[in-house]
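**Student:** Sending over entry_12.cif (mmCIF, C-alpha atoms).
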data_upload
loop_
_atom_site.label_atom_id
_atom_site.label_comp_id
_atom_site.auth_asym_id
_atom_site.auth_seq_id
_atom_site.Cartn_x
_atom_site.Cartn_y
_atom_site.Cartn_z
CA MET A 30 27.69 -14.02 24.07
CA LYS A 31 27.50 -13.57 27.82
CA THR A 32 25.88 -16.20 30.03
CA ALA A 33 26.80 -17.81 33.34
CA VAL A 34 28.67 -20.66 31.63
CA THR A 35 30.62 -18.46 29.18
CA GLU A 36 31.91 -16.49 32.15
CA MET A 37 32.68 -19.59 34.23
CA LEU A 38 34.75 -21.14 31.46
CA ASP A 39 35.91 -18.03 29.59
CA ILE A 40 34.43 -19.12 26.25
CA GLU A 41 32.83 -17.05 23.51
CA PHE A 42 29.76 -19.16 22.81
CA PRO A 43 27.80 -21.35 25.28
CA ILE A 44 28.02 -24.39 23.00
CA PHE A 45 29.42 -27.56 24.61
CA ALA A 46 30.41 -30.19 22.05
CA PHE A 47 30.59 -33.76 23.29
CA SER A 48 32.62 -35.99 20.97
CA HIS A 49 34.81 -39.09 21.13
CA CYS A 50 36.97 -37.49 18.43
CA ARG A 51 39.79 -35.19 19.53
CA ASP A 52 39.66 -33.33 16.20
CA VAL A 53 36.06 -32.27 16.85
CA VAL A 54 36.89 -31.24 20.43
CA ALA A 55 39.77 -29.05 19.30
CA ALA A 56 37.83 -27.54 16.38
CA VAL A 57 34.90 -26.49 18.56
CA SER A 58 37.10 -25.01 21.29
CA LYS A 59 39.03 -23.06 18.66
CA ALA A 60 35.73 -21.82 17.19
CA GLY A 61 34.71 -20.34 20.54
CA GLY A 62 32.70 -23.15 22.15
CA LEU A 63 33.86 -25.85 24.57
CA GLY A 64 34.88 -29.20 23.14
CA VAL A 65 34.38 -32.10 25.56
CA LEU A 66 36.23 -35.35 24.86
CA GLY A 67 34.29 -38.54 25.59
CA ALA A 68 36.98 -40.68 27.22
CA VAL A 69 35.17 -43.94 27.96
CA ALA A 70 36.69 -45.68 24.93
CA HIS A 71 40.21 -44.52 25.73
CA THR A 72 42.98 -46.41 27.41
CA PRO A 73 45.04 -44.27 29.79
CA GLU A 74 47.81 -44.17 27.19
CA GLN A 75 45.44 -43.02 24.45
CA LEU A 76 43.92 -40.33 26.69
CA GLU A 77 47.36 -38.99 27.58
CA ILE A 78 48.20 -38.68 23.88
CA ASP A 79 44.86 -37.13 22.90
CA LEU A 80 44.81 -34.52 25.68
CA GLY A 81 48.35 -33.49 24.85
CA TRP A 82 47.38 -33.15 21.20
CA ILE A 83 44.24 -31.13 22.03
CA GLU A 84 46.23 -28.73 24.19
CA ASP A 85 48.75 -28.18 21.41
CA GLU A 86 45.88 -27.45 19.00
CA VAL A 87 43.70 -25.13 21.08
CA GLY A 88 46.50 -22.81 22.19
CA GLY A 89 45.32 -22.31 25.76
CA LYS A 90 41.60 -22.27 25.06
CA PRO A 91 39.54 -24.41 27.47
CA TYR A 92 38.23 -27.90 26.81
CA GLY A 93 36.59 -30.67 28.84
CA VAL A 94 36.62 -34.43 29.41
CA ASP A 95 33.58 -36.67 29.85
CA LEU A 96 33.73 -39.89 31.86
CA ILE A 97 31.10 -42.54 32.61
CA VAL A 98 31.15 -43.51 36.28
CA PRO A 99 27.85 -44.75 37.76
CA ALA A 100 27.47 -44.06 41.47
CA LYS A 101 26.21 -47.62 42.03
CA TYR A 102 27.64 -50.56 40.17
CA ALA A 103 27.26 -54.33 40.25
CA GLY A 104 30.01 -55.88 42.37
CA ASP A 105 30.91 -52.70 44.25
CA ASP A 106 30.48 -54.42 47.60
CA ASP A 107 33.19 -56.88 46.64
CA GLY A 108 35.57 -54.30 45.26
CA GLY A 109 34.12 -54.16 41.76
CA TYR A 110 33.77 -56.86 39.13
CA THR A 111 36.59 -57.69 36.76
CA LEU A 112 35.97 -58.65 33.15
CA ASP A 113 36.52 -62.28 34.07
CA ASP A 114 33.85 -62.03 36.80
CA ILE A 115 31.36 -60.61 34.31
CA ALA A 116 32.11 -63.19 31.63
CA LYS A 117 31.06 -65.93 34.05
CA LEU A 118 27.69 -64.23 34.65
CA ILE A 119 26.61 -64.05 30.99
CA PRO A 120 24.01 -66.77 30.23
CA ASP A 121 24.73 -69.22 27.44
CA THR A 122 21.36 -68.31 25.88
CA HIS A 123 22.61 -64.79 25.22
CA ARG A 124 25.93 -65.95 23.80
CA GLU A 125 24.04 -68.33 21.50
CA PHE A 126 21.73 -65.50 20.39
CA ILE A 127 24.70 -63.31 19.44
CA ASP A 128 26.26 -66.21 17.54
CA ASP A 129 22.97 -66.79 15.72
CA ILE A 130 22.71 -63.13 14.63
CA LEU A 131 26.23 -63.12 13.27
CA ALA A 132 25.70 -66.41 11.46
CA ARG A 133 22.37 -65.41 9.87
CA TYR A 134 23.83 -62.11 8.63
CA ASP A 135 27.01 -63.84 7.45
CA VAL A 136 29.37 -61.63 9.48
CA PRO A 137 32.92 -62.96 9.17
CA GLU A 138 35.19 -63.69 12.11
CA LEU A 139 37.88 -61.19 13.04
CA PRO A 140 41.25 -62.09 11.56
CA ASP A 141 44.03 -63.28 13.84
CA GLY A 142 45.87 -60.40 15.44
CA ASP A 143 43.04 -57.94 14.87
CA ASP A 144 43.75 -54.75 16.80
CA THR A 145 40.50 -52.92 16.08
CA ARG A 146 39.91 -50.30 18.74
CA ALA A 147 36.99 -51.40 20.88
CA THR A 148 34.80 -49.68 23.44
CA VAL A 149 35.68 -52.35 26.00
CA PRO A 150 38.15 -55.23 25.95
CA ALA A 151 37.05 -58.65 24.80
CA ASP A 152 35.69 -61.34 27.15
CA GLY A 153 38.17 -62.73 29.61
CA ALA A 154 40.79 -60.06 28.94
CA GLY A 155 41.07 -59.36 32.65
CA GLY A 156 41.24 -55.89 34.19
CA SER A 157 38.45 -53.62 35.37
CA ALA A 158 34.91 -53.77 34.07
CA PRO A 159 33.64 -51.16 31.60
CA PHE A 160 31.82 -48.05 32.85
CA SER A 161 33.16 -48.65 36.37
CA ALA A 162 35.00 -46.52 38.91
CA LYS A 163 38.03 -48.80 38.66
CA GLN A 164 38.19 -48.27 34.91
CA ALA A 165 37.62 -44.51 35.20
CA MET A 166 40.11 -43.70 37.97
CA PRO A 167 43.26 -43.77 35.78
CA LEU A 168 41.41 -41.68 33.18
CA LEU A 169 40.37 -39.16 35.82
CA ASP A 170 43.95 -38.91 37.08
CA ILE A 171 45.15 -38.08 33.57
CA ALA A 172 42.36 -35.57 32.93
CA LEU A 173 43.13 -33.74 36.17
CA ALA A 174 46.87 -33.71 35.46
CA HIS A 175 46.22 -31.82 32.22
CA ASP A 176 44.71 -28.37 31.60
CA THR A 177 41.18 -29.78 31.52
CA ALA A 178 38.78 -27.01 32.51
CA PHE A 179 35.63 -29.11 32.85
CA VAL A 180 34.90 -32.72 33.79
CA ALA A 181 31.47 -34.24 33.14
CA ASN A 182 29.94 -37.50 34.31
CA ALA A 183 27.59 -38.83 31.67
CA LEU A 184 25.73 -41.50 33.61
CA GLY A 185 23.85 -40.70 36.78
CA PRO A 186 25.12 -38.79 39.81
CA PRO A 187 28.90 -38.44 39.94
CA PRO A 188 30.44 -40.52 42.74
CA GLN A 189 31.61 -38.34 45.61
CA PHE A 190 35.26 -39.22 45.01
CA LEU A 191 35.00 -37.77 41.49
CA ILE A 192 33.46 -34.53 42.73
CA ASP A 193 36.00 -34.20 45.54
CA ARG A 194 38.98 -34.79 43.22
CA CYS A 195 37.75 -32.20 40.72
CA LYS A 196 37.17 -29.64 43.46
CA GLU A 197 40.65 -30.24 44.88
CA GLU A 198 42.18 -29.60 41.45
CA GLY A 199 40.06 -26.51 40.79
CA LYS A 200 38.14 -28.05 37.88
CA LEU A 201 34.47 -27.41 37.16
CA ILE A 202 32.29 -30.50 37.18
CA GLY A 203 29.06 -31.23 35.32
CA ALA A 204 26.55 -34.04 35.31
CA LEU A 205 23.67 -35.10 33.10
CA ALA A 206 20.15 -35.22 34.48
CA GLY A 207 16.98 -36.66 33.00
CA ARG A 208 14.66 -35.64 35.84
CA PRO A 209 14.48 -32.67 38.23
CA GLN A 210 15.20 -34.98 41.18
CA HIS A 211 18.46 -36.02 39.55
CA ALA A 212 19.49 -32.39 39.14
CA GLU A 213 18.69 -31.62 42.78
CA ARG A 214 20.89 -34.50 43.91
CA HIS A 215 23.69 -33.32 41.62
CA GLN A 216 23.56 -29.83 43.07
CA ALA A 217 23.52 -31.13 46.64
CA ALA A 218 26.61 -33.22 45.88
CA GLY A 219 28.55 -30.19 44.67
CA VAL A 220 28.17 -30.23 40.88
CA ASP A 221 28.77 -26.87 39.16
CA ILE A 222 26.75 -27.27 35.94
CA ILE A 223 23.72 -29.45 35.16
CA ILE A 224 23.13 -30.86 31.68
CA ALA A 225 19.36 -31.28 31.31
CA GLN A 226 19.18 -34.03 28.72
CA GLY A 227 15.85 -34.72 27.08
CA SER A 228 14.75 -37.99 25.56
CA GLU A 229 15.55 -36.79 22.03
CA ALA A 230 19.27 -37.08 22.80
CA GLY A 231 21.60 -39.74 21.48
CA GLY A 232 23.19 -42.25 23.84
CA HIS A 233 21.99 -42.87 27.39
CA THR A 234 18.87 -40.82 27.91
CA GLY A 235 15.63 -40.78 29.86
CA GLU A 236 12.00 -40.49 28.85
CA ILE A 237 11.15 -36.78 29.30
CA GLY A 238 11.37 -34.48 26.28
CA SER A 239 13.57 -31.38 26.33
CA MET A 240 10.70 -28.88 26.05
CA VAL A 241 9.32 -30.13 29.38
CA LEU A 242 12.56 -31.14 31.09
CA ILE A 243 14.71 -28.03 30.68
CA PRO A 244 12.42 -25.56 32.50
CA GLU A 245 11.68 -28.17 35.18
CA ILE A 246 15.38 -28.52 35.96
CA VAL A 247 16.04 -24.78 35.69
CA ASP A 248 13.35 -24.24 38.33
CA ALA A 249 14.69 -27.05 40.53
CA VAL A 250 18.30 -25.86 40.96
CA ASP A 251 20.28 -22.68 41.61
CA ILE A 252 23.25 -23.46 39.37
CA PRO A 253 23.64 -23.05 35.58
CA VAL A 254 21.82 -25.52 33.33
CA LEU A 255 22.72 -26.59 29.80
CA GLY A 256 19.95 -27.76 27.51
CA ALA A 257 20.60 -31.07 25.74
CA GLY A 258 18.65 -33.45 23.54
CA GLY A 259 17.48 -32.57 20.04
CA ILE A 260 19.75 -29.52 19.81
CA GLY A 261 21.89 -29.03 16.73
CA ARG A 262 20.66 -25.78 15.20
CA GLY A 263 20.44 -22.17 16.28
CA ARG A 264 16.66 -22.15 16.62
CA GLN A 265 16.86 -25.11 18.98
CA MET A 266 19.60 -23.34 20.92
CA ALA A 267 17.39 -20.26 21.19
CA ALA A 268 14.49 -22.40 22.39
CA ALA A 269 16.64 -24.05 25.08
CA MET A 270 17.85 -20.69 26.34
CA ALA A 271 14.33 -19.25 26.25
CA LEU A 272 13.43 -22.12 28.58
CA GLY A 273 16.08 -20.91 31.03
CA ALA A 274 19.23 -22.75 29.96
CA GLN A 275 22.54 -20.86 30.08
CA GLY A 276 23.91 -22.80 27.11
CA VAL A 277 23.58 -26.03 25.17
CA TRP A 278 25.22 -29.45 25.15
CA CYS A 279 25.34 -31.09 21.72
CA GLY A 280 26.63 -34.53 20.80
CA SER A 281 24.96 -36.06 17.76
CA VAL A 282 25.42 -33.11 15.41
CA TRP A 283 29.22 -33.57 15.35
CA LEU A 284 29.01 -37.18 14.13
CA THR A 285 28.68 -36.18 10.48
CA THR A 286 31.25 -33.38 10.56
CA ASP A 287 34.38 -33.54 8.45
CA GLU A 288 36.52 -34.09 11.55
CA ALA A 289 34.44 -36.93 13.01
CA GLU A 290 35.86 -40.45 13.10
CA THR A 291 32.40 -41.98 12.69
CA HIS A 292 32.46 -45.28 10.81
CA PRO A 293 32.00 -44.31 7.12
CA VAL A 294 29.04 -46.66 6.63
CA VAL A 295 27.32 -45.35 9.77
CA LYS A 296 28.04 -41.75 8.74
CA GLN A 297 26.27 -42.35 5.43
CA LYS A 298 23.31 -43.87 7.28
CA PHE A 299 23.15 -40.77 9.49
CA LEU A 300 23.22 -38.44 6.49
CA ALA A 301 20.28 -40.32 4.94
CA ALA A 302 18.25 -40.77 8.15
CA THR A 303 15.16 -38.91 9.29
CA SER A 304 14.26 -37.88 12.83
CA ALA A 305 12.02 -40.99 13.01
CA ASP A 306 14.92 -43.38 12.41
CA THR A 307 16.18 -43.69 15.99
CA ILE A 308 15.15 -45.87 18.91
CA ARG A 309 15.86 -46.09 22.64
CA SER A 310 17.38 -49.53 23.05
CA ARG A 311 19.27 -51.48 25.71
CA SER A 312 20.91 -53.65 23.06
CA LEU A 313 24.42 -52.15 23.24
CA THR A 314 25.06 -51.10 26.84
CA GLY A 315 22.28 -52.63 28.91
CA LYS A 316 20.81 -49.20 29.68
CA HIS A 317 18.35 -47.33 27.48
CA ALA A 318 20.33 -45.42 24.88
CA ARG A 319 19.07 -43.73 21.74
CA MET A 320 20.69 -45.05 18.57
CA LEU A 321 20.04 -45.48 14.87
CA LYS A 322 17.53 -48.15 13.96
CA SER A 323 19.11 -51.08 12.15
CA LYS A 324 18.78 -54.84 11.81
CA TRP A 325 20.73 -55.03 15.08
CA THR A 326 18.05 -53.16 17.04
CA GLU A 327 15.31 -55.09 15.22
CA GLU A 328 16.80 -58.39 16.36
CA TRP A 329 16.74 -57.33 20.00
CA GLU A 330 13.16 -56.02 19.75
CA ARG A 331 11.72 -59.33 18.59
CA ALA A 332 9.31 -61.04 21.00
CA ASP A 333 11.11 -64.38 20.73
CA THR A 334 14.58 -63.14 21.63
CA PRO A 335 16.19 -62.75 25.06
CA ASP A 336 16.01 -59.39 26.82
CA PRO A 337 19.25 -57.42 26.90
CA LEU A 338 21.31 -57.93 30.04
CA GLY A 339 22.03 -55.08 32.41
CA MET A 340 25.18 -52.99 32.53
CA PRO A 341 28.00 -54.10 32.57
CA LEU A 342 27.08 -57.54 31.20
CA GLN A 343 25.53 -56.36 27.91
CA PRO A 344 28.55 -54.39 26.61
CA ILE A 345 30.84 -57.31 27.40
CA LEU A 346 28.44 -59.66 25.61
CA THR A 347 28.15 -57.51 22.49
CA ASN A 348 31.62 -56.02 22.17
CA ALA A 349 33.28 -58.65 20.01
CA ALA A 350 30.18 -58.87 17.79
CA GLN A 351 30.20 -55.08 17.27
CA ARG A 352 33.86 -55.21 16.30
CA ARG A 353 33.12 -57.90 13.73
CA ILE A 354 30.19 -55.92 12.34
CA ALA A 355 32.21 -52.68 12.10
CA ARG A 356 35.07 -54.39 10.28
CA ALA A 357 32.81 -56.09 7.72
CA ALA A 358 30.25 -53.28 7.24
CA HIS A 359 32.33 -51.68 4.47
CA THR A 360 31.07 -54.36 2.05
CA PRO A 361 27.98 -52.94 0.26
CA GLY A 362 24.86 -55.07 0.64
CA SER A 363 26.40 -57.21 3.38
CA GLY A 364 24.65 -58.37 6.51
CA ALA A 365 27.19 -56.42 8.54
CA GLU A 366 26.17 -53.24 6.73
CA GLU A 367 22.53 -53.92 7.65
CA LEU A 368 23.44 -54.52 11.31
CA SER A 369 25.72 -51.51 11.69
CA ASN A 370 24.52 -48.62 13.82
CA TYR A 371 25.64 -46.19 16.51
CA PHE A 372 24.28 -43.86 19.15
CA VAL A 373 22.56 -40.79 17.72
CA GLY A 374 19.71 -38.48 18.67
CA GLN A 375 16.60 -37.39 16.81
CA ILE A 376 18.50 -34.38 15.46
CA VAL A 377 19.91 -36.87 12.93
CA GLY A 378 17.10 -35.79 10.61
CA ASN A 379 18.86 -32.41 10.27
CA MET A 380 22.32 -33.92 9.81
CA ASN A 381 22.06 -34.38 6.05
CA GLN A 382 25.14 -32.55 4.80
CA PRO A 383 28.82 -32.97 5.80
CA LYS A 384 30.29 -29.80 7.31
CA SER A 385 33.28 -28.79 9.36
CA ALA A 386 32.76 -28.55 13.10
CA ALA A 387 33.57 -24.85 13.02
CA THR A 388 30.90 -24.33 10.35
CA VAL A 389 28.33 -26.05 12.57
CA VAL A 390 29.24 -23.67 15.42
CA MET A 391 28.98 -20.54 13.28
CA GLU A 392 25.73 -21.63 11.61
CA MET A 393 24.23 -22.28 15.04
CA ILE A 394 25.19 -18.81 16.22
CA GLU A 395 23.91 -17.13 13.06
CA GLU A 396 20.57 -18.94 13.25
CA PHE A 397 20.39 -18.22 16.99
CA ILE A 398 20.76 -14.49 16.24
CA ASP A 399 18.09 -14.64 13.53
CA ALA A 400 15.71 -16.51 15.83
CA THR A 401 16.12 -14.15 18.76
CA GLU A 402 15.81 -11.06 16.56
CA SER A 403 12.64 -12.49 15.05
CA LEU A 404 11.17 -12.97 18.52
CA ALA A 405 12.17 -9.47 19.55
CA LYS A 406 10.31 -8.02 16.56
CA GLN A 407 7.13 -9.69 17.78
CA LEU A 408 7.31 -7.48 20.87
CA GLU A 409 7.53 -4.27 18.88
CA VAL A 410 4.46 -2.09 19.08
#
Go ahead and render the structure in this file as structure tokens.

**Tutor:**
Amino acid sequence: MKTAVTEMLDIEFPIFAFSHCRDVVAAVSKAGGLGVLGAVAHTPEQLEIDLGWIEDEVGGKPYGVDLIVPAKYAGDDDGGYTLDDIAKLIPDTHREFIDDILARYDVPELPDGDDTRATVPADGAGGSAPFSAKQAMPLLDIALAHDTAFVANALGPPPQFLIDRCKEEGKLIGALAGRPQHAERHQAAGVDIIIAQGSEAGGHTGEIGSMVLIPEIVDAVDIPVLGAGGIGRGRQMAAAMALGAQGVWCGSVWLTTDEAETHPVVKQKFLAATSADTIRSRSLTGKHARMLKSKWTEEWERADTPDPLGMPLQPILTNAAQRRIARAAHTPGSGAEELSNYFVGQIVGNMNQPKSAATVVMEMIEEFIDATESLAKQLEV
């Protein structure tokens, strides 16, 4: 295929695959798309290892890295909050609510010495706060030191330092947008590619659906746009490109692939879910993010419970609880199994069969061809 983004990145198919799993990233890049590694959960040491592994696997084919660096962040005026600073700001009422959930669902404590990989360190562990520039800077340094072809910022406008560093190193930079105004600001700041993410998407997402959002953003900017949100099949890819997108950005569809490191219990929930089984909730990160409905989201939606805190307080509050839930969710019929969930978009209703990541890519392309040929026939006289 030939579009603006395939030429910019020298890829065969304009399919960008966001995943926290290096195996998915490598598989999609090898299949002709562009794998993009979500690095927010990585330590600098882990990112160094994973990028080296990806480069060995892809044999010179391009790949990307996705960071989460909000342009404005609580505590920036004072140099940025540390984890200890944040821990002091969390109300006792919220800590008590978390304790109550875990007690009512009989979720066991973590054993001594537990080394479960977590999205953010536990309370009081010191260091930089999650989703902050201080946390992201070492990760950015590592990404730029490798053969990363593309760097994306997944939360709001990229800070100017991130854009400047990428430009200096000759890397392309992308940013997600949920409104045309966001895309215009991204372009003005120097972003190369806009990801127009509709409300159907998993993770942090806005309120405007893809069918409306994609053409609005295409009309608002003069740089290539990727369609995102509710895209996991070839027909959806064709629709996004008919709306003016130069390619697609997919995240959720890789969560049930053979290569994905998705928690086994959550993966089975995804495979059984329908497109109506997701919700936009602030219960994990403090910002609206689409995730699978579960007893966890139900608890935070109740009228008699406290509202989620903002970012970065909410992820610090919930991190240890999520680790406990993930560890205990393997027990069938347990409260932890009921509470377990993860970020996923409305495309989950189509994710009902395990497949390899390469198979997903090829099936998307085949269905894309069928869809576009079908449309072309409608123009025949």

**Student:** Considering all atoms listed in the file, return as a list of chain:residue names whatever protein or nucleic-acid residues lie within 8 Å of region 282-295 of chain A, sequence-local ones (same chain, fewer than 5 positions apart) excluded.

**Tutor:** A:Ala46, A:Ser48, A:Cys50, A:Asp52, A:Val53, A:Gly261, A:Leu300, A:Ala355, A:Ala358, A:His359, A:Glu366, A:Ser369, A:Asn370, A:Tyr371, A:Ile376, A:Val377, A:Met380, A:Gln382, A:Pro383, A:Lys384, A:Ser385, A:Ala386

**Student:** What's the separation between CA of Ala269 (chain A) and CA of Ile243 (chain A), in Å to one decimal place?

**Tutor:**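 A separation of 7.1 Å between them.
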
**Student:** Taking the file above as input, evaluate the PyMOL selection byres ((chain A and resi 238) around 7) and report the hits as a ChimeraX atom specification.

**Tutor:** /A:227-229,236-237,239-242

**Student:** Take the PyMOL selection byres ((chain A and resi 124) around 12), run it mentally on this structure, and tell me the resulting residues as a ChimeraX atom specification.

**Tutor:** /A:116-123,125-131,152,334-335,337-338,342-343,345-350

**Student:** List the spatial neighbours of Asp248 (chain A) as a list in words - criterion: any atom at most 12 Å away, only C-alpha atoms, same-chain residues fewer than 6 positions off excluded.

**Tutor:** Arg208, Pro209, Gln210, Ala212, Glu213, Ala225, Val241, Leu242, Val254, Leu272, Gly273 and Ala274 of chain A
